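Structure, as structure tokens:
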Amino acid sequence: MSTVVTPEVLWWALIPVILLSVSAMLLLTVASLVRHLPSFLAQAWTVVTGLAVLVASVPMWNEVRDTGPRSFLGGTVAVDGSTVLATAALAIAVVATALLARLYLVREDLPGVELYVLLMLSAAGGVVMVSADDLIVLFLGLEILSIAVYVLAALHLRRIESQEAALKYFVLGAFASAFLLYGIALLYGATGSTRMALVSEHLSSVVLFDDGMLLAGIGLILVGLAFKVAAVPFHAWTPDVYQGAPSPVVAWMAAGVKVAGFASMVRVLVVTLSTHVSDWSPAVGVLGGLSVVVGASMAVLQTDVRRMLAYSSIAHAGFLLLGVQAADAQGTAAVYAYLVVYTLLATGSFAVLTVVGGPGDEAHGLDTYRGLAHRRPVLAGAFTLLLLGQAGIPFTGGFVAKLGVLAAAVEGQSYWLAGIAMLAAAIAAFVYLRILVAMYMEDGDLEEPEHSKDAVVPLGAWIVIGMACIGVLAIGIVPGPLMELARDAVPVLVGG
Amino acid sequence: MGMLSTTGLLASAAGVPFAVLPALILVPAVGALLVSCLPRRRPELLKLVAVATSVVVGAMSVWLIKGFDAAHGAEMQFTAQADWISDLGIQWILGIDGISLFLVVLTGVLFPIALLAVDPGHDDRAYYAWLLILEAGVMGVFCALDLVVFFLCFEVVLVPMYFLIGRWGHGNRAYAATKFFLYTMAGSALMLVGILAVAFLHAEAVGTSVTFNLVTIAEAQAIDPTAARWIFAAFALAFAVKVPIFPLHTWLPDAHTEAPTAGSVILAGVLLKLGTYGFLRFGLYLFPEASHFFAPVFLTLGVVGIVYGAVVATMQRDLKRLVAYSSVAHLGFIVLGTFSLNTEGIEGGLLQMVNHGVSTGALFLLVGMIYERRHTRQIDELGGLQKAAPVMAAVFTLVMLSSIGLPGLNGFVGEFLVLVGAFNAHRWWALIATAGVILAALYLLWAYQRVFHGPAKGDNANIDDLRLREGLVLAPLLFLIVFMGVYPKPVIERMEPAVDALVAHIEEHVDGFHEPRSRFGADVKNGPDSGLAGEIDGQGDDH
């Protein structure tokens with residue numbers, strides 16, 4: 001008789017994934033058994049799950065800090081500071097999206113709990129991505145995350161744009177997945193393993209005479225991930241999808257998907273391929289430079305606020321790539337800090353869009369915002385703060401985030417890149433100013449849109465917007481704690 | 001500033017009862033918070049709180065003159081320090097020396113005046129809150145001794161000013177506000193990269209951890225000169241837009257003209273000085289070699305600005321726009337003086353910053369008062385106002401003469417020193433700049449003639465004269481105009497040690513550079529009556 005040796009499992013480190021996926025399954029089961037599940041129950045269920053993950057990440061963080069990072073399940077899953085921080089950011093995005101979702105579903109008369117279920121599943125995939133210690137696990141996580149988001153994008157059955165967005169996102173996303181998978185295969189061919197620790201070990205101990213296959217693999221992986229984070233020139237889907245998909249889903253795409261994408265990009269490029277920085281870093285730098293310039297300039301040309309924010313999210317991706325291309329601890333920490341801030345900015349901003357969008361999710365033109373400061377001064381004020389944060393104005397979290405990635409880029413002597421990024425930021429500022437001009441400086445005596453006359457901003461949206469504003473302001477004024485968290489979140493590879 | 005070191009920075013002046021510089025920033029910030037918590041429909045209460053806050057700040061800043069140790073004017077005083085982002089070595093370091101002292105005072109004095117002078121008319125709460133935030137930001141710029149914190153305040157000032165112009169301005173306000181914001185933000189975009197580069201290169205060269213402490217970096221001068229020139233260029237662009245230096249000035253006429261009166265007063269009086277102050281503190285002091293290298297460029301652009309601003313001002317039909325363009329000319333003088341790189345020039349420029357703040361601030365207030373009465377600023381439509389408003393005409397005359405630089409009023413002292421400095425350094429430039437003085441007399445006197453003299457057409461014949469409240473608001477500025485013209489010594493003697501130290505710093509770090517100065521100046525400098533202060537004092541007493 002031979003015994004099968006099962007790999008070690010650190011159950012506490014799997015709590016977030018388990019919580020999210022089990023909770024999603026339970027909700028789906030209950031909803032199919034109970035005929036008319038009140039919609040607030042599904043929402044509350046999701047919010048509580050997200051909060052539970054957030055709470056669970058505190059002891060996890062302490063555990064990792066005290067005992068160091070670990071790898072388990074046969075060296076395929078890891079838990080380190082970056083995992084926990086990214087998980088927490090994902091949890092925040094889940095809570096925010098869930099809080100927005102009900103208002104949207106009720107308004108659009110879309111019954112059902114699918115949004116919540118898919119949201120939690122998608123988040124589970126994201127958590128798998130950020131804790132992957134094996135490229136195949138990374139791919140699995142990416143697919144779980146993405147497939148759920150494809151369906152989420154198509155959630156609005158009666159809006160053709162929603163279907164169009166989902167199809168576009170699905171086709172291009174499938175391409176990206178194929179690129180990524182092929183890259184992983186080539187990397188496996190070059191190094192003989194898909195486990196990140198072994199890949200890294202192999203590359204640092206063996207000098208390849210012919211590294212064509214390796215470089216091709218790195219390139220394809222980069223393309224796949226660049227698709228996911230919407231970096232130029234792999235960004236073409238973003239504006240259409242942001243415009244077509246339901247607004248709360250866009251909040252999740254902007255915040256959650258970016259967090260997972262960048263966290264895994266850091267794991268693969270900065271940590272695993274640290275021996276080949278000189279090969280991939282210039283490519284990432286070019287992607288970053290293109291993203292900030294194209295994102296900012298194209299945003300200027302838009303008249304639909306959702307498309308503006310879509311392009312501005314591309315510019316944000318460019319700034320994040322600036323931190324990635326620095327390829328050091330400083331840059332990585334800056335990326336994590338940026339991700340946390342951007343999660344707040346994106347969820348808050350899209351919460352405003354969800355509210356203003358009105359029935360049918362149609363009212364997103366710049367005209368809709370004309371005179372908003374008169375009609376809804378508090379909402380306009382909150383949006384102002386969030387937009388100033390996105391512009392990177394001092395004393396908002398946006399400035400701290402930009403400062404971090406710029407510092408990393410300048411320290412790595414990428415002066416040109418940093419300069420281009422800052423100039424692009426000035427261009428992007430014009431976009432935010434256009435919205436501010438519409439809200440504050442154009443005539444407010446315009447005929448009020450029918451629906452918003454007596455529309456009250458729902459509590460869920462207020463909570464999201466309020467938390468985002470407070471967070472952005474608090475980080476902007478006292479950035480120390482976040483910077484320290486991000487510094488301690490540097491990912492490490494542990495041999496399994 | 002040779003004596004100024006990191007340790008010196010921490011020594012605070014004796015007899016300071018509390019951390020006065022942080023208070024200068026925090027009090028208006030808290031005031032803004034307080035204002036935004038008050039009920040929206042109580043404009044008089046909102047105004048009371050806002051004015052009270054700014055008066056407290058003003059009183060504290062005036063108190064600084066008394067508390068300031070003139071003998072050690074080159075050292076940073078009233079310093080305060082606190083960590084901000086310790087991971088990047090960014091700290092709140094505040095301190096003022098003879099260079100920043102009077103700019104802080106100017107800010108403290110102008111804000112209550114601007115707040116008292118005009119009511120916004122609508123959305124009072126946001127108006128007062130933005131003005132107070134603006135004051136906090138400006139104070140931060142003048143007190144910050146950490147590069148990142150300086151940038152932080154330099155940038156944050158844009159937001160309140162943007163809203164002030166855009167929401168309470170006239171005519172094409174959204175356009176003017178956006179132009180102002182974007183110009184300045186694009187200009188300073190590269191400065192942040194420069195700030196990071198200078199800190200990292202300094203840390204690398206010295207072998208310490210990263211610091212953004214201005215004094216540490218400036219005193220060490222450890223950076224490779226070529227890199228320093230590039231970085232200086234990045235800083236200079238930001239300041240050149242803010243000043244503004246020709247040809248980057250095109251935002252200014254729009255912003256000044258469309259801004260509400262209080263906005264114009266603050267914009268001209270204080271905000272433009274962020275640029276010229278930046279040149280002194282983060283140009284000359286931080287990059288002496290690069291400043292010397294680029295000086296010819298800025299001297300030329302300064303002179304071009306003087307002549308161009310004056311010529312264009314002459315052509316204006318809008319009284320407010322005329323005053324705006326006169327700023328371009330005046331700021332040209334300041335740039336000329338600064339880049340003469342000698343004591344007279346720099347000190348003259350510094351004085352001119354304060355003078356321009358006082359006189360142009362007063363001019364904008366007067367233009368605002370005329371507009372309130374006549375609802376037009378077109379010079380053609382005005383005329384003959386003197387008959388109906390003799391007191392206003394008299395006040396306008398005084399302020400205008402100060403702006404022209406009539407001896408005995410404040411404008412003369414600064415302009416004279418700038419021209420002396422420029423003459424000692426580059427006499428041809430000084431010669432052309434002198435033409436600017438004549439042109440200033442031309443456009444201002446001509447404007448005055450068209451607005452106040454001649455027959456009074458239509459409504460011009462029966463406008464109200466200056467009201468008591470308006471007179472009281474203007475009184476402090478008029479007092480300063482006369483006082484600083486007749487007796488500038490208290491100001492100069494506090495500025496001089498810092499300026500001397502700055503010039504010595506440049507001499508020390510630029511090979512083969514000696515302060516260009518006149519023969520008589522060299523002697524007086526060592527005299528018992530503390531150099532320029534005595535020299536100017538003697539001149540001032542004659543009038």
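Each chain of the structure tokens is named A, B, ... in the order shown, its residues numbered from 1; ligands are numbered from 1 in display order.
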Check: which chain B residues lie within 8 Å of chain A using only C-alpha atoms, as a list in words:
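Per the criterion, chain B yields Trp84, Ile85, Ser86, Asp87, Leu152, Cys153, Glu155, Val156, Gly166, Arg167, Arg173, Ala174, Thr178, Leu182, Met185, Ala186, Ala189, Leu190, Val193, Leu196, Ala197 and Phe200 of chain B.
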Between atom CA of Phe209 of chain A and atom CA of Gly189 of chain A, what is the distance in Å, rounded to a tenth?
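These two atoms are separated by 14.3 Å.
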Which residues are close to Leu386 of chain A, i.e. within 9 Å by only C-alpha atoms, leaving aside same-chain residues fewer than 4 positions away? Reply as a PyMOL selection string.
chain A and resi 344-346+348-349+381-382+390-391+396+398+465+468-469+472
Which of segment 183-405 of chain B DSSP labels alpha helix (DSSP H), written as a PyMOL selection string
chain B and resi 183-206+214-220+225-242+251-258+261-266+272-278+288-315+319-338+343-374+385-388+390-404
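Closest to Ala148 of chain A among A:Phe72, A:Phe383, A:Trp252, A:Phe227 is A:Trp252, based on only C-alpha atoms.
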Name the closest residue to Ala401 of chain A among the candidates A:Ala178, A:Leu41, A:Val270, A:Ala334; distances are taken between atoms, counting only C-alpha atoms.
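Once distances to Ala401 of chain A are computed over only C-alpha atoms, the minimum belongs to A:Ala334.
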Close residues, segment 38-52 of chain B itself excluded, 8 Å, only C-alpha atoms, min 2 positions apart in chain, as a ChimeraX atom specification:
/B:31-32,34-36,54-56,112,115-116,123-125,128-129,132
Distance query Ala216 of chain A at most 12 Å, only C-alpha atoms, self and fewer than 2 positions along chain excluded, as a list in words:
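Contacts, with the query itself left out: Phe179, Leu180, Tyr182, Gly183, Ile184, Ala185, Leu186, Leu187, Tyr188, Gly189, Ala190, Asp210, Asp211, Gly212, Met213, Leu214, Ile218, Gly219, Leu220, Ile221, Leu222, Val223, Asp279 and Trp280 of chain A.
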Take the residues from that selection and put them in a file with N, CA and C atoms, as a PDB file, in the first residue's frame.
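Result file part.pdb:
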```pdb
ATOM      1  N   PHE A 179      -3.565  34.723 -25.905  1.00  0.00           N
ATOM      2  CA  PHE A 179      -2.199  35.252 -25.878  1.00  0.00           C
ATOM      3  C   PHE A 179      -1.494  34.856 -24.593  1.00  0.00           C
ATOM      4  N   LEU A 180      -2.200  35.071 -23.498  1.00  0.00           N
ATOM      5  CA  LEU A 180      -1.602  34.805 -22.201  1.00  0.00           C
ATOM      6  C   LEU A 180      -1.246  33.334 -22.085  1.00  0.00           C
ATOM      7  N   TYR A 182      -0.736  31.114 -24.426  1.00  0.00           N
ATOM      8  CA  TYR A 182       0.368  30.742 -25.311  1.00  0.00           C
ATOM      9  C   TYR A 182       1.694  31.226 -24.721  1.00  0.00           C
ATOM     10  N   GLY A 183       1.669  32.417 -24.148  1.00  0.00           N
ATOM     11  CA  GLY A 183       2.878  32.930 -23.495  1.00  0.00           C
ATOM     12  C   GLY A 183       3.322  32.024 -22.367  1.00  0.00           C
ATOM     13  N   ILE A 184       2.347  31.580 -21.575  1.00  0.00           N
ATOM     14  CA  ILE A 184       2.682  30.682 -20.463  1.00  0.00           C
ATOM     15  C   ILE A 184       3.301  29.404 -21.006  1.00  0.00           C
ATOM     16  N   ALA A 185       2.722  28.897 -22.106  1.00  0.00           N
ATOM     17  CA  ALA A 185       3.247  27.659 -22.692  1.00  0.00           C
ATOM     18  C   ALA A 185       4.698  27.848 -23.133  1.00  0.00           C
ATOM     19  N   LEU A 186       4.963  28.968 -23.788  1.00  0.00           N
ATOM     20  CA  LEU A 186       6.330  29.212 -24.256  1.00  0.00           C
ATOM     21  C   LEU A 186       7.289  29.370 -23.081  1.00  0.00           C
ATOM     22  N   LEU A 187       6.811  30.037 -22.061  1.00  0.00           N
ATOM     23  CA  LEU A 187       7.657  30.212 -20.881  1.00  0.00           C
ATOM     24  C   LEU A 187       7.961  28.860 -20.250  1.00  0.00           C
ATOM     25  N   TYR A 188       6.953  28.019 -20.238  1.00  0.00           N
ATOM     26  CA  TYR A 188       7.146  26.658 -19.727  1.00  0.00           C
ATOM     27  C   TYR A 188       8.182  25.936 -20.578  1.00  0.00           C
ATOM     28  N   GLY A 189       8.075  26.108 -21.892  1.00  0.00           N
ATOM     29  CA  GLY A 189       9.040  25.468 -22.786  1.00  0.00           C
ATOM     30  C   GLY A 189      10.460  25.937 -22.512  1.00  0.00           C
ATOM     31  N   ALA A 190      10.591  27.208 -22.204  1.00  0.00           N
ATOM     32  CA  ALA A 190      11.934  27.760 -22.012  1.00  0.00           C
ATOM     33  C   ALA A 190      12.514  27.421 -20.657  1.00  0.00           C
ATOM     34  N   ASP A 210      20.010  30.606 -26.358  1.00  0.00           N
ATOM     35  CA  ASP A 210      19.015  31.076 -27.303  1.00  0.00           C
ATOM     36  C   ASP A 210      17.731  31.380 -26.517  1.00  0.00           C
ATOM     37  N   ASP A 211      17.494  32.632 -26.243  1.00  0.00           N
ATOM     38  CA  ASP A 211      16.351  32.940 -25.392  1.00  0.00           C
ATOM     39  C   ASP A 211      15.146  33.426 -26.189  1.00  0.00           C
ATOM     40  N   GLY A 212      15.102  33.070 -27.479  1.00  0.00           N
ATOM     41  CA  GLY A 212      13.989  33.499 -28.321  1.00  0.00           C
ATOM     42  C   GLY A 212      12.651  33.064 -27.781  1.00  0.00           C
ATOM     43  N   MET A 213      12.569  31.814 -27.385  1.00  0.00           N
ATOM     44  CA  MET A 213      11.299  31.286 -26.906  1.00  0.00           C
ATOM     45  C   MET A 213      10.878  31.985 -25.613  1.00  0.00           C
ATOM     46  N   LEU A 214      11.848  32.206 -24.756  1.00  0.00           N
ATOM     47  CA  LEU A 214      11.563  32.882 -23.489  1.00  0.00           C
ATOM     48  C   LEU A 214      11.017  34.290 -23.746  1.00  0.00           C
ATOM     49  N   ILE A 218       7.481  35.913 -22.784  1.00  0.00           N
ATOM     50  CA  ILE A 218       7.305  37.131 -21.978  1.00  0.00           C
ATOM     51  C   ILE A 218       6.435  38.124 -22.737  1.00  0.00           C
ATOM     52  N   GLY A 219       6.735  38.262 -24.034  1.00  0.00           N
ATOM     53  CA  GLY A 219       5.981  39.213 -24.846  1.00  0.00           C
ATOM     54  C   GLY A 219       4.506  38.871 -24.878  1.00  0.00           C
ATOM     55  N   LEU A 220       4.189  37.601 -25.088  1.00  0.00           N
ATOM     56  CA  LEU A 220       2.785  37.206 -25.180  1.00  0.00           C
ATOM     57  C   LEU A 220       2.066  37.381 -23.848  1.00  0.00           C
ATOM     58  N   ILE A 221       2.755  37.051 -22.771  1.00  0.00           N
ATOM     59  CA  ILE A 221       2.147  37.240 -21.444  1.00  0.00           C
ATOM     60  C   ILE A 221       1.848  38.720 -21.231  1.00  0.00           C
ATOM     61  N   LEU A 222       2.819  39.538 -21.640  1.00  0.00           N
ATOM     62  CA  LEU A 222       2.635  40.985 -21.485  1.00  0.00           C
ATOM     63  C   LEU A 222       1.415  41.474 -22.277  1.00  0.00           C
ATOM     64  N   VAL A 223       1.293  40.969 -23.493  1.00  0.00           N
ATOM     65  CA  VAL A 223       0.137  41.372 -24.314  1.00  0.00           C
ATOM     66  C   VAL A 223      -1.159  40.964 -23.628  1.00  0.00           C
ATOM     67  N   ASP A 279      14.733  43.263 -20.513  1.00  0.00           N
ATOM     68  CA  ASP A 279      13.954  42.870 -21.694  1.00  0.00           C
ATOM     69  C   ASP A 279      12.537  43.433 -21.663  1.00  0.00           C
ATOM     70  N   TRP A 280      11.870  43.307 -20.519  1.00  0.00           N
ATOM     71  CA  TRP A 280      10.458  43.706 -20.518  1.00  0.00           C
ATOM     72  C   TRP A 280      10.220  45.133 -20.056  1.00  0.00           C
TER      73      TRP A 280
END
```
Using only C-alpha atoms, which protein or nucleic acid residues come within 12 Å of Thr184 of chain B? Drop anything in the same chain fewer than 3 positions from it, and give the result as a VMD selection string.
(chain A and resid 423 426 to 427 429 to 430) or (chain B and resid 154 to 159 161 to 162 177 to 181 187 to 191 237 to 244 248 to 252 255 271 to 272 274 to 275)
Deliver the residues from the most recent selection as a file, using N, CA and C atoms, as a short mmCIF file (atom, residue, chain, number, x, y, z; two decimals), in the first residue's frame.
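New file again-v3.cif:
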```
data_model
loop_
_atom_site.label_atom_id
_atom_site.label_comp_id
_atom_site.auth_asym_id
_atom_site.auth_seq_id
_atom_site.Cartn_x
_atom_site.Cartn_y
_atom_site.Cartn_z
N LEU A 423 2.91 65.64 -18.36
CA LEU A 423 2.28 66.50 -19.37
C LEU A 423 0.92 65.93 -19.76
N ALA A 426 -1.63 66.80 -17.34
CA ALA A 426 -2.18 68.15 -17.52
C ALA A 426 -3.26 68.14 -18.59
N ILE A 427 -3.05 67.34 -19.64
CA ILE A 427 -4.08 67.24 -20.68
C ILE A 427 -5.34 66.61 -20.07
N ALA A 429 -6.32 66.72 -17.15
CA ALA A 429 -6.99 67.68 -16.26
C ALA A 429 -8.07 68.44 -17.02
N PHE A 430 -7.80 68.70 -18.30
CA PHE A 430 -8.79 69.43 -19.10
C PHE A 430 -10.12 68.68 -19.14
N PHE B 154 1.73 75.01 -4.10
CA PHE B 154 1.79 75.72 -5.36
C PHE B 154 0.66 75.26 -6.28
N GLU B 155 0.42 73.96 -6.27
CA GLU B 155 -0.61 73.39 -7.14
C GLU B 155 -2.01 73.57 -6.58
N VAL B 156 -2.13 73.42 -5.28
CA VAL B 156 -3.47 73.39 -4.70
C VAL B 156 -4.13 74.76 -4.81
N VAL B 157 -3.31 75.78 -4.93
CA VAL B 157 -3.82 77.14 -5.08
C VAL B 157 -4.70 77.27 -6.34
N LEU B 158 -4.41 76.44 -7.34
CA LEU B 158 -5.15 76.52 -8.59
C LEU B 158 -6.65 76.28 -8.40
N VAL B 159 -6.97 75.34 -7.52
CA VAL B 159 -8.36 74.92 -7.41
C VAL B 159 -9.27 76.05 -6.93
N MET B 161 -8.75 79.23 -6.97
CA MET B 161 -8.74 80.33 -7.93
C MET B 161 -9.58 79.98 -9.15
N TYR B 162 -9.50 78.72 -9.56
CA TYR B 162 -10.29 78.25 -10.69
C TYR B 162 -11.78 78.48 -10.42
N ALA B 177 -11.16 80.70 -16.65
CA ALA B 177 -10.78 79.85 -15.52
C ALA B 177 -10.06 78.60 -16.01
N THR B 178 -10.61 77.98 -17.07
CA THR B 178 -9.99 76.76 -17.58
C THR B 178 -8.60 77.06 -18.13
N LYS B 179 -8.50 78.17 -18.84
CA LYS B 179 -7.20 78.55 -19.41
C LYS B 179 -6.18 78.76 -18.30
N PHE B 180 -6.60 79.47 -17.28
CA PHE B 180 -5.71 79.71 -16.14
C PHE B 180 -5.23 78.40 -15.53
N PHE B 181 -6.19 77.50 -15.30
CA PHE B 181 -5.86 76.24 -14.63
C PHE B 181 -4.90 75.41 -15.49
N GLY B 187 2.38 74.01 -16.97
CA GLY B 187 3.68 74.59 -16.67
C GLY B 187 4.38 73.88 -15.53
N SER B 188 3.60 73.56 -14.50
CA SER B 188 4.26 72.99 -13.33
C SER B 188 4.35 71.47 -13.40
N ALA B 189 3.82 70.86 -14.49
CA ALA B 189 3.86 69.40 -14.59
C ALA B 189 5.30 68.89 -14.49
N LEU B 190 6.17 69.55 -15.23
CA LEU B 190 7.55 69.07 -15.24
C LEU B 190 8.29 69.41 -13.96
N MET B 191 7.76 70.40 -13.22
CA MET B 191 8.45 70.76 -11.99
C MET B 191 8.46 69.60 -11.00
N LEU B 237 10.18 76.81 -16.01
CA LEU B 237 8.97 76.82 -16.84
C LEU B 237 7.73 77.06 -15.96
N ALA B 238 7.70 76.34 -14.84
CA ALA B 238 6.56 76.49 -13.94
C ALA B 238 6.45 77.92 -13.44
N PHE B 239 7.57 78.49 -13.04
CA PHE B 239 7.53 79.85 -12.50
C PHE B 239 7.25 80.86 -13.59
N ALA B 240 7.80 80.61 -14.79
CA ALA B 240 7.62 81.57 -15.88
C ALA B 240 6.15 81.67 -16.26
N VAL B 241 5.43 80.55 -16.20
CA VAL B 241 4.00 80.60 -16.49
C VAL B 241 3.28 81.36 -15.39
N LYS B 242 3.69 81.14 -14.17
CA LYS B 242 2.99 81.73 -13.04
C LYS B 242 3.22 83.23 -12.96
N VAL B 243 4.43 83.69 -13.35
CA VAL B 243 4.77 85.12 -13.15
C VAL B 243 3.79 86.09 -13.83
N PRO B 244 3.44 86.06 -15.06
CA PRO B 244 3.96 85.26 -16.15
C PRO B 244 4.99 86.06 -16.95
N LEU B 248 4.65 83.61 -22.20
CA LEU B 248 3.73 82.65 -21.56
C LEU B 248 2.62 83.36 -20.80
N HIS B 249 2.40 84.64 -21.12
CA HIS B 249 1.52 85.46 -20.31
C HIS B 249 0.07 85.44 -20.75
N THR B 250 -0.26 84.71 -21.82
CA THR B 250 -1.58 84.95 -22.43
C THR B 250 -2.75 84.57 -21.54
N TRP B 251 -2.52 83.77 -20.52
CA TRP B 251 -3.63 83.45 -19.62
C TRP B 251 -3.99 84.64 -18.75
N LEU B 252 -3.01 85.50 -18.50
CA LEU B 252 -3.19 86.53 -17.48
C LEU B 252 -4.28 87.55 -17.80
N ALA B 255 -7.69 85.89 -17.30
CA ALA B 255 -8.01 85.55 -15.92
C ALA B 255 -8.27 86.81 -15.10
N LEU B 271 -0.83 85.97 -6.10
CA LEU B 271 -0.55 84.75 -6.85
C LEU B 271 0.59 84.90 -7.86
N LEU B 272 0.69 86.05 -8.48
CA LEU B 272 1.79 86.22 -9.44
C LEU B 272 3.14 86.14 -8.72
N LEU B 274 3.94 84.12 -6.52
CA LEU B 274 4.39 82.74 -6.31
C LEU B 274 5.47 82.42 -7.33
N GLY B 275 5.33 82.94 -8.54
CA GLY B 275 6.31 82.69 -9.58
C GLY B 275 7.62 83.40 -9.31
#
```
What lies within 6 Å of segment 356-367 of chain A using only C-alpha atoms, ignoring chain neighbours under 2 positions off, as a VMD selection string?
chain A and resid 303 to 305 353 to 354 369 to 370
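Coordinates place atom CA of Ile314 of chain A at a distance of 16.2 Å from atom CA of Gly173 of chain A.
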Select, from A:Val207, A:Ala93, A:Met308, A:Val113, the residue with the minimum atom-to-atom distance to Val257 of chain A, counting only C-alpha atoms.
A:Ala93
For atom CA of Asp97 of chain B and atom CA of Phe78 of chain B, quote the distance in Å rounded to one decimal.
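So the two atoms, atom CA of Asp97 of chain B and atom CA of Phe78 of chain B, lie 8.9 Å apart.
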Between A:Ser162, A:Ser204, A:Ser193, A:Thr83, single out the one closest to Val127 of chain A, counting only C-alpha atoms.
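Smallest separation from Val127 of chain A among the options: A:Thr83.
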Of the residues A:Leu85, A:Ala165, A:Gly323, A:Thr67, which is the one nearest to Val55 of chain A, using only C-alpha atoms?
A:Leu85
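Nearest-residue note for Ala226 of chain A: choosing from A:Tyr150, A:Tyr342, A:Tyr242, A:Phe175, the minimum distance belongs to A:Phe175, counting only C-alpha atoms.
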